[in-house]
Protein chains: 2
Amino acid sequence: MTTKIAITDDHVLVLNGIKAMLANTPEIDVVGTYDNGQQTLKKINLDKPDILLLDINLPDINGIELCKTLLKQYPELKILALTNFEEISFVKRMLSNGASGYLLKNTQKTELIEALKTVLEGRQYLQDKIEKKLMNYALGRQNSETFIPKLTRREKEVLEAISEELTTQEISKKLFVSIKTVETHRMNLMSKLGAKNSVGIIKKAIDCGLLD
Amino acid sequence: MTTKIAITDDHVLVLNGIKAMLANTPEIDVVGTYDNGQQTLKKINLDKPDILLLDINLPDINGIELCKTLLKQYPELKILALTNFEEISFVKRMLSNGASGYLLKNTQKTELIEALKTVLEGRQYLQDKIEKKLMNYALGRQNSETFIPKLTRREKEVLEAISEELTTQEISKKLFVSIKTVETHRMNLMSKLGAKNSVGIIKKAIDCGLLD
DNA sequence: TAAAAATTCAGGGTATACCCTGAGGAGAGA
DNA sequence: TCTCTCCTCAGGGTATACCCTGAATTTTTA
């Protein structure tokens, strides 16, 4: 049984590099390559790959968003992030959005194939370097007390709307309440999150994982 | 529908070689051949090719300059560099001046046709060898900054300050500039990052890894 | 069931952000 | 030299965010 994989990357050289790398590996079949997010969304249901190698850095859609969207539509699909970004924040966001693994683009053939196998078995594959970073990050975080403030239902809704760059007026219309109510909620958000303004609200919210 | 191509090269045997190579390929029609830059500039508007195969090494004009000039006048034209220069600096300069691909003169017929097709579809074609060189070069400098908007030094400073929850007035004092200047930078940040307000700036900045 | 928390909203205010046009000077690069 | 980008700043305006006090109603919880 061959494993069908597809690749989304806007760099032709990367696409071809991977294809070439897998050319003489009969158990792996590259069924599709896409160079942007829209194309991926359109064509993936035709190619039906088991695994998608996904670059974060795409011209049209953020790879992290794309990951989330794809997994909603195709829960069976395994997504393996393949990128140059070493930042832990990207790793965390990819994994929390359902990615099955994270590889850097300097990956060698053997490692790529091992990653594909691991992912196919339903397990998670992280490159050594990434795993260590993640570990250190987790250990560093354990000590520092991170109290996540409890937000009410309404506050979460307002928070969400603020992060959508809506104005108070727009939020009031969206939630069917008065402007004054929205302002109250925002003030409470600032108070609870220890922020001086909406920018602070968003920063702390992202930091606490209250937003994706 | 046939694809019209033209060739600029000062070596007659190369011109003829390519023509011969494409002679029994009906979907490709060689509509013009030029042996220097001036001639190319003069005659290309008459021949109206879809793709131009362009040598870098021309007697009168530098092929890289010619590429830039041609694309200013004919933005629809696809230019495929065809040369013996393997140096990455040439490749980069051609591509950054808008060339759609880069072939060495040892190209075989099938590869040439594939390159032409790829370019015609609006994608980029690079010969394997060139691709690998570029890949190594790219890996050497992990600067994946394709979709990350380029911010100026001042814009980065203002961005940083905004993320510190400072007001415009506070930022102006911190950076020793007027309030109006800070506002200008913030507007430019919104524009560059596609944000509707400061919240959007921060979100996109975090998203792009410009912060933290 | 009483207390606490959450949701709603008002009046009234100041500070700030947002948005436009326009423009001079400095520096880099062709 | 000319062009382009960046940095700087102004006038003048509207919209919005921020901040206070106070309070009625509903919902949750102890």
# chains A, B, ... in the order shown; residues from 1 in each chain; ligands from 1

call {"tool": "interface_residues", "arguments": {"of": "chain C", "to": "chain A", "cutoff": "9 Å", "atoms": "only C-alpha atoms (C1' of nucleotides)", "output": "list in words"}}
result
DA6, DT7, DT8, DC9 and DA10 of chain C

call {"tool": "closest_atom_pairs", "arguments": {"of": "chain D", "to": "chain B", "cutoff": "10 Å", "atoms": "only C-alpha atoms (C1' of nucleotides)", "output": "Markdown table"}}
result
| residue | atom | partner | partner_atom | distance |
| --- | --- | --- | --- | --- |
| D:DT5 | C1' | B:Thr152 | CA | 9.9 |
| D:DC6 | C1' | B:Thr152 | CA | 7.9 |
| D:DC7 | C1' | B:Arg154 | CA | 8.2 |
| D:DT8 | C1' | B:Thr181 | CA | 6.4 |
| D:DC9 | C1' | B:Lys180 | CA | 6.2 |
| D:DA10 | C1' | B:Lys180 | CA | 7.9 |

call {"tool": "interface_residues", "arguments": {"of": "chain B", "to": "chain A", "cutoff": "6 Å", "atoms": "only C-alpha atoms", "output": "PyMOL selection string"}}
result
chain B and resi 131+147+165+199-200

call {"tool": "write_last_selection", "arguments": {"atoms": "N, CA and C atoms", "output": "compact mmCIF listing (two decimals), in the first residue's frame"}}
result
# COMPACT_ATOMS: atom_id res chain seq x y z
N GLU B 131 18.45 25.07 -9.11
CA GLU B 131 17.52 24.96 -7.99
C GLU B 131 18.26 24.54 -6.72
N PHE B 147 6.41 36.63 2.66
CA PHE B 147 5.10 37.19 2.94
C PHE B 147 5.16 38.13 4.13
N GLU B 165 2.01 48.98 24.68
CA GLU B 165 0.80 49.67 25.14
C GLU B 165 1.03 51.16 25.40
N VAL B 199 -4.87 47.22 17.14
CA VAL B 199 -5.08 45.82 17.50
C VAL B 199 -4.68 44.92 16.33
N GLY B 200 -5.09 45.34 15.14
CA GLY B 200 -4.74 44.57 13.95
C GLY B 200 -3.24 44.55 13.72

call {"tool": "select_by_dssp", "arguments": {"residues": "chain B", "states": "alpha helix (DSSP H)", "output": "VMD selection string"}}
result
chain B and resid 12 to 21 37 to 47 63 to 73 88 to 96 109 to 120 128 to 140 153 to 163 168 to 175 179 to 193 198 to 207

call {"tool": "write_last_selection", "arguments": {"atoms": "C-alpha atoms", "output": "mmCIF file, in the first residue's frame"}}
result
data_model
loop_
_atom_site.group_PDB
_atom_site.id
_atom_site.type_symbol
_atom_site.label_atom_id
_atom_site.label_comp_id
_atom_site.auth_asym_id
_atom_site.auth_seq_id
_atom_site.Cartn_x
_atom_site.Cartn_y
_atom_site.Cartn_z
ATOM 1 C CA VAL B 12 24.127 31.811 -34.233
ATOM 2 C CA LEU B 13 24.613 28.144 -33.584
ATOM 3 C CA VAL B 14 22.707 28.449 -30.346
ATOM 4 C CA LEU B 15 19.890 30.239 -32.116
ATOM 5 C CA ASN B 16 19.738 27.564 -34.736
ATOM 6 C CA GLY B 17 20.120 24.811 -32.222
ATOM 7 C CA ILE B 18 17.076 25.971 -30.324
ATOM 8 C CA LYS B 19 15.089 26.487 -33.483
ATOM 9 C CA ALA B 20 15.972 22.990 -34.629
ATOM 10 C CA MET B 21 15.121 21.602 -31.248
ATOM 11 C CA GLY B 37 19.892 43.806 -27.097
ATOM 12 C CA GLN B 38 19.088 46.743 -29.352
ATOM 13 C CA GLN B 39 17.595 44.472 -31.951
ATOM 14 C CA THR B 40 15.524 42.773 -29.278
ATOM 15 C CA LEU B 41 14.122 46.071 -28.057
ATOM 16 C CA LYS B 42 13.307 47.171 -31.590
ATOM 17 C CA LYS B 43 11.697 44.076 -32.949
ATOM 18 C CA ILE B 44 9.985 42.484 -30.030
ATOM 19 C CA ASN B 45 6.904 44.683 -30.345
ATOM 20 C CA LEU B 46 6.453 43.435 -33.885
ATOM 21 C CA ASP B 47 6.917 39.771 -33.140
ATOM 22 C CA GLY B 63 21.050 40.764 -20.274
ATOM 23 C CA ILE B 64 19.964 41.542 -16.734
ATOM 24 C CA GLU B 65 19.327 45.162 -17.576
ATOM 25 C CA LEU B 66 17.601 44.160 -20.768
ATOM 26 C CA CYS B 67 15.315 41.896 -18.771
ATOM 27 C CA LYS B 68 14.271 44.745 -16.519
ATOM 28 C CA THR B 69 13.751 47.126 -19.408
ATOM 29 C CA LEU B 70 11.673 44.666 -21.396
ATOM 30 C CA LEU B 71 9.408 43.819 -18.475
ATOM 31 C CA LYS B 72 8.705 47.479 -17.838
ATOM 32 C CA GLN B 73 7.470 47.826 -21.390
ATOM 33 C CA ILE B 88 23.982 32.306 -8.001
ATOM 34 C CA SER B 89 24.412 36.049 -8.140
ATOM 35 C CA PHE B 90 23.326 36.043 -11.771
ATOM 36 C CA VAL B 91 20.397 33.806 -11.037
ATOM 37 C CA LYS B 92 19.253 36.000 -8.199
ATOM 38 C CA ARG B 93 19.615 39.164 -10.213
ATOM 39 C CA MET B 94 17.686 37.761 -13.128
ATOM 40 C CA LEU B 95 14.902 36.496 -10.936
ATOM 41 C CA SER B 96 14.694 39.672 -8.899
ATOM 42 C CA LYS B 109 14.501 19.326 -25.449
ATOM 43 C CA THR B 110 12.046 17.854 -22.992
ATOM 44 C CA GLU B 111 13.272 20.076 -20.255
ATOM 45 C CA LEU B 112 13.089 23.146 -22.430
ATOM 46 C CA ILE B 113 9.509 22.387 -23.341
ATOM 47 C CA GLU B 114 8.613 21.742 -19.733
ATOM 48 C CA ALA B 115 10.222 25.025 -18.794
ATOM 49 C CA LEU B 116 8.243 26.854 -21.454
ATOM 50 C CA LYS B 117 4.994 25.294 -20.279
ATOM 51 C CA THR B 118 5.698 26.042 -16.661
ATOM 52 C CA VAL B 119 6.529 29.637 -17.400
ATOM 53 C CA LEU B 120 3.510 30.049 -19.606
ATOM 54 C CA ASP B 128 17.608 21.246 -11.153
ATOM 55 C CA LYS B 129 21.193 22.233 -10.739
ATOM 56 C CA ILE B 130 20.320 25.891 -10.319
ATOM 57 C CA GLU B 131 17.524 24.959 -7.989
ATOM 58 C CA LYS B 132 19.851 23.032 -5.715
ATOM 59 C CA LYS B 133 22.303 25.865 -5.621
ATOM 60 C CA LEU B 134 19.557 28.289 -4.737
ATOM 61 C CA MET B 135 18.237 25.866 -2.138
ATOM 62 C CA ASN B 136 21.593 25.654 -0.433
ATOM 63 C CA TYR B 137 21.913 29.371 -0.597
ATOM 64 C CA ALA B 138 18.459 29.837 0.888
ATOM 65 C CA LEU B 139 19.122 27.349 3.658
ATOM 66 C CA GLY B 140 22.314 29.154 4.495
ATOM 67 C CA ARG B 153 13.829 50.717 11.135
ATOM 68 C CA ARG B 154 11.534 53.416 12.446
ATOM 69 C CA GLU B 155 8.414 51.410 11.781
ATOM 70 C CA LYS B 156 9.813 48.540 13.786
ATOM 71 C CA GLU B 157 10.542 50.866 16.676
ATOM 72 C CA VAL B 158 7.041 52.279 16.589
ATOM 73 C CA LEU B 159 5.590 48.779 16.321
ATOM 74 C CA GLU B 160 7.561 47.739 19.368
ATOM 75 C CA ALA B 161 6.313 50.762 21.258
ATOM 76 C CA ILE B 162 2.708 50.152 20.287
ATOM 77 C CA SER B 163 3.002 46.611 21.560
ATOM 78 C CA THR B 168 1.167 58.105 20.575
ATOM 79 C CA GLN B 169 2.355 60.844 22.882
ATOM 80 C CA GLU B 170 4.453 58.455 24.919
ATOM 81 C CA ILE B 171 5.959 56.967 21.790
ATOM 82 C CA SER B 172 6.826 60.414 20.449
ATOM 83 C CA LYS B 173 8.715 61.201 23.656
ATOM 84 C CA LYS B 174 10.460 57.857 23.637
ATOM 85 C CA LEU B 175 11.659 58.232 20.068
ATOM 86 C CA ILE B 179 3.251 63.098 17.526
ATOM 87 C CA LYS B 180 2.515 63.562 13.838
ATOM 88 C CA THR B 181 5.509 61.470 12.891
ATOM 89 C CA VAL B 182 4.414 58.645 15.134
ATOM 90 C CA GLU B 183 0.945 58.818 13.620
ATOM 91 C CA THR B 184 2.422 58.584 10.148
ATOM 92 C CA HIS B 185 4.388 55.513 11.091
ATOM 93 C CA ARG B 186 1.334 53.915 12.633
ATOM 94 C CA MET B 187 -0.675 54.583 9.492
ATOM 95 C CA ASN B 188 2.066 53.043 7.407
ATOM 96 C CA LEU B 189 2.140 50.026 9.686
ATOM 97 C CA MET B 190 -1.606 49.596 9.293
ATOM 98 C CA SER B 191 -1.252 49.878 5.569
ATOM 99 C CA LYS B 192 1.675 47.498 5.285
ATOM 100 C CA LEU B 193 0.191 44.914 7.621
ATOM 101 C CA SER B 198 -3.548 49.084 16.381
ATOM 102 C CA VAL B 199 -5.077 45.815 17.497
ATOM 103 C CA GLY B 200 -4.743 44.565 13.955
ATOM 104 C CA ILE B 201 -1.154 45.756 13.768
ATOM 105 C CA ILE B 202 -0.259 43.749 16.848
ATOM 106 C CA LYS B 203 -2.103 40.660 15.697
ATOM 107 C CA LYS B 204 -0.464 40.599 12.291
ATOM 108 C CA ALA B 205 2.921 41.432 13.784
ATOM 109 C CA ILE B 206 2.713 38.502 16.172
ATOM 110 C CA ASP B 207 1.429 36.374 13.326
#

call {"tool": "select_by_dssp", "arguments": {"residues": "range 67-123 of chain B", "states": "strand (DSSP E or B)", "output": "list in words"}}
result
Lys78, Ile79, Leu80, Ala81, Leu82, Thr83, Gly101, Tyr102, Leu103 and Leu104 of chain B

call {"tool": "residues_around", "arguments": {"residues": "Leu82 in chain A", "least_positions_apart": "2", "cutoff": "7 Å", "atoms": "only C-alpha atoms (C1' of nucleotides)", "output": "list of chain:residue names"}}
result
A:Leu53, A:Leu54, A:Asp55, A:Leu80, A:Tyr102, A:Leu103, A:Leu104, A:Lys105

call {"tool": "write_last_selection", "arguments": {"atoms": "all heavy atoms", "output": "PDB file, in the first residue's frame"}}
result
ATOM      1  N   LEU A  53       2.256  17.913   3.334  1.00  0.00           N
ATOM      2  CA  LEU A  53       3.405  18.686   3.802  1.00  0.00           C
ATOM      3  C   LEU A  53       3.073  20.152   3.583  1.00  0.00           C
ATOM      4  O   LEU A  53       2.838  20.576   2.450  1.00  0.00           O
ATOM      5  CB  LEU A  53       4.661  18.311   3.016  1.00  0.00           C
ATOM      6  CG  LEU A  53       5.180  16.891   3.221  1.00  0.00           C
ATOM      7  CD1 LEU A  53       6.394  16.627   2.325  1.00  0.00           C
ATOM      8  CD2 LEU A  53       5.565  16.671   4.667  1.00  0.00           C
ATOM      9  N   LEU A  54       3.040  20.906   4.642  1.00  0.00           N
ATOM     10  CA  LEU A  54       2.508  22.267   4.545  1.00  0.00           C
ATOM     11  C   LEU A  54       3.520  23.304   5.014  1.00  0.00           C
ATOM     12  O   LEU A  54       4.014  23.234   6.140  1.00  0.00           O
ATOM     13  CB  LEU A  54       1.230  22.372   5.386  1.00  0.00           C
ATOM     14  CG  LEU A  54       0.556  23.727   5.474  1.00  0.00           C
ATOM     15  CD1 LEU A  54       0.104  24.210   4.115  1.00  0.00           C
ATOM     16  CD2 LEU A  54      -0.625  23.667   6.432  1.00  0.00           C
ATOM     17  N   ASP A  55       3.783  24.250   4.152  1.00  0.00           N
ATOM     18  CA  ASP A  55       4.634  25.371   4.521  1.00  0.00           C
ATOM     19  C   ASP A  55       3.783  26.400   5.252  1.00  0.00           C
ATOM     20  O   ASP A  55       2.608  26.580   4.943  1.00  0.00           O
ATOM     21  CB  ASP A  55       5.237  25.988   3.259  1.00  0.00           C
ATOM     22  CG  ASP A  55       6.293  27.028   3.593  1.00  0.00           C
ATOM     23  OD1 ASP A  55       6.702  27.094   4.759  1.00  0.00           O
ATOM     24  OD2 ASP A  55       6.720  27.746   2.678  1.00  0.00           O
ATOM     25  N   LEU A  80       1.770  17.780   8.099  1.00  0.00           N
ATOM     26  CA  LEU A  80       3.133  17.853   8.588  1.00  0.00           C
ATOM     27  C   LEU A  80       3.680  19.226   8.208  1.00  0.00           C
ATOM     28  O   LEU A  80       3.814  19.537   7.034  1.00  0.00           O
ATOM     29  CB  LEU A  80       3.945  16.740   7.913  1.00  0.00           C
ATOM     30  CG  LEU A  80       5.255  16.270   8.503  1.00  0.00           C
ATOM     31  CD1 LEU A  80       5.171  15.988   9.989  1.00  0.00           C
ATOM     32  CD2 LEU A  80       5.721  15.019   7.774  1.00  0.00           C
ATOM     33  N   TYR A 102       6.263  18.606  12.837  1.00  0.00           N
ATOM     34  CA  TYR A 102       6.906  19.864  12.495  1.00  0.00           C
ATOM     35  C   TYR A 102       8.339  19.590  12.057  1.00  0.00           C
ATOM     36  O   TYR A 102       9.141  19.078  12.831  1.00  0.00           O
ATOM     37  CB  TYR A 102       6.899  20.782  13.713  1.00  0.00           C
ATOM     38  CG  TYR A 102       7.057  22.254  13.414  1.00  0.00           C
ATOM     39  CD1 TYR A 102       5.943  23.093  13.410  1.00  0.00           C
ATOM     40  CD2 TYR A 102       8.292  22.809  13.146  1.00  0.00           C
ATOM     41  CE1 TYR A 102       6.071  24.443  13.146  1.00  0.00           C
ATOM     42  CE2 TYR A 102       8.426  24.158  12.870  1.00  0.00           C
ATOM     43  CZ  TYR A 102       7.313  24.973  12.880  1.00  0.00           C
ATOM     44  OH  TYR A 102       7.437  26.319  12.621  1.00  0.00           O
ATOM     45  N   LEU A 103       8.619  19.907  10.811  1.00  0.00           N
ATOM     46  CA  LEU A 103       9.954  19.685  10.261  1.00  0.00           C
ATOM     47  C   LEU A 103      10.531  20.986   9.748  1.00  0.00           C
ATOM     48  O   LEU A 103       9.806  21.832   9.235  1.00  0.00           O
ATOM     49  CB  LEU A 103       9.877  18.707   9.084  1.00  0.00           C
ATOM     50  CG  LEU A 103       9.498  17.260   9.374  1.00  0.00           C
ATOM     51  CD1 LEU A 103       9.360  16.507   8.052  1.00  0.00           C
ATOM     52  CD2 LEU A 103      10.540  16.602  10.242  1.00  0.00           C
ATOM     53  N   LEU A 104      11.829  21.130   9.859  1.00  0.00           N
ATOM     54  CA  LEU A 104      12.500  22.255   9.227  1.00  0.00           C
ATOM     55  C   LEU A 104      12.918  21.844   7.825  1.00  0.00           C
ATOM     56  O   LEU A 104      12.998  20.660   7.517  1.00  0.00           O
ATOM     57  CB  LEU A 104      13.721  22.673  10.055  1.00  0.00           C
ATOM     58  CG  LEU A 104      13.366  23.175  11.450  1.00  0.00           C
ATOM     59  CD1 LEU A 104      14.639  23.483  12.238  1.00  0.00           C
ATOM     60  CD2 LEU A 104      12.498  24.419  11.369  1.00  0.00           C
ATOM     61  N   LYS A 105      13.183  22.845   7.010  1.00  0.00           N
ATOM     62  CA  LYS A 105      13.431  22.544   5.610  1.00  0.00           C
ATOM     63  C   LYS A 105      14.815  21.961   5.344  1.00  0.00           C
ATOM     64  O   LYS A 105      15.134  21.619   4.219  1.00  0.00           O
ATOM     65  CB  LYS A 105      13.208  23.789   4.752  1.00  0.00           C
ATOM     66  CG  LYS A 105      11.728  24.036   4.498  1.00  0.00           C
ATOM     67  CD  LYS A 105      11.495  25.114   3.479  1.00  0.00           C
ATOM     68  CE  LYS A 105       9.995  25.311   3.244  1.00  0.00           C
ATOM     69  NZ  LYS A 105       9.721  26.507   2.446  1.00  0.00           N
TER      70      LYS A 105
END

call {"tool": "closest_residue", "arguments": {"among": "C:DA30, C:DA17, C:DA23, C:DA3", "to": "DT1 in chain D", "atoms": "only C-alpha atoms (C1' of nucleotides)"}}
result
C:DA30

call {"tool": "residues_around", "arguments": {"residues": "DA15 in chain C", "least_positions_apart": "5", "cutoff": "10 Å", "atoms": "only C-alpha atoms (C1' of nucleotides)", "output": "VMD selection string"}}
result
(chain B and resid 167) or (chain D and resid 17 to 19)
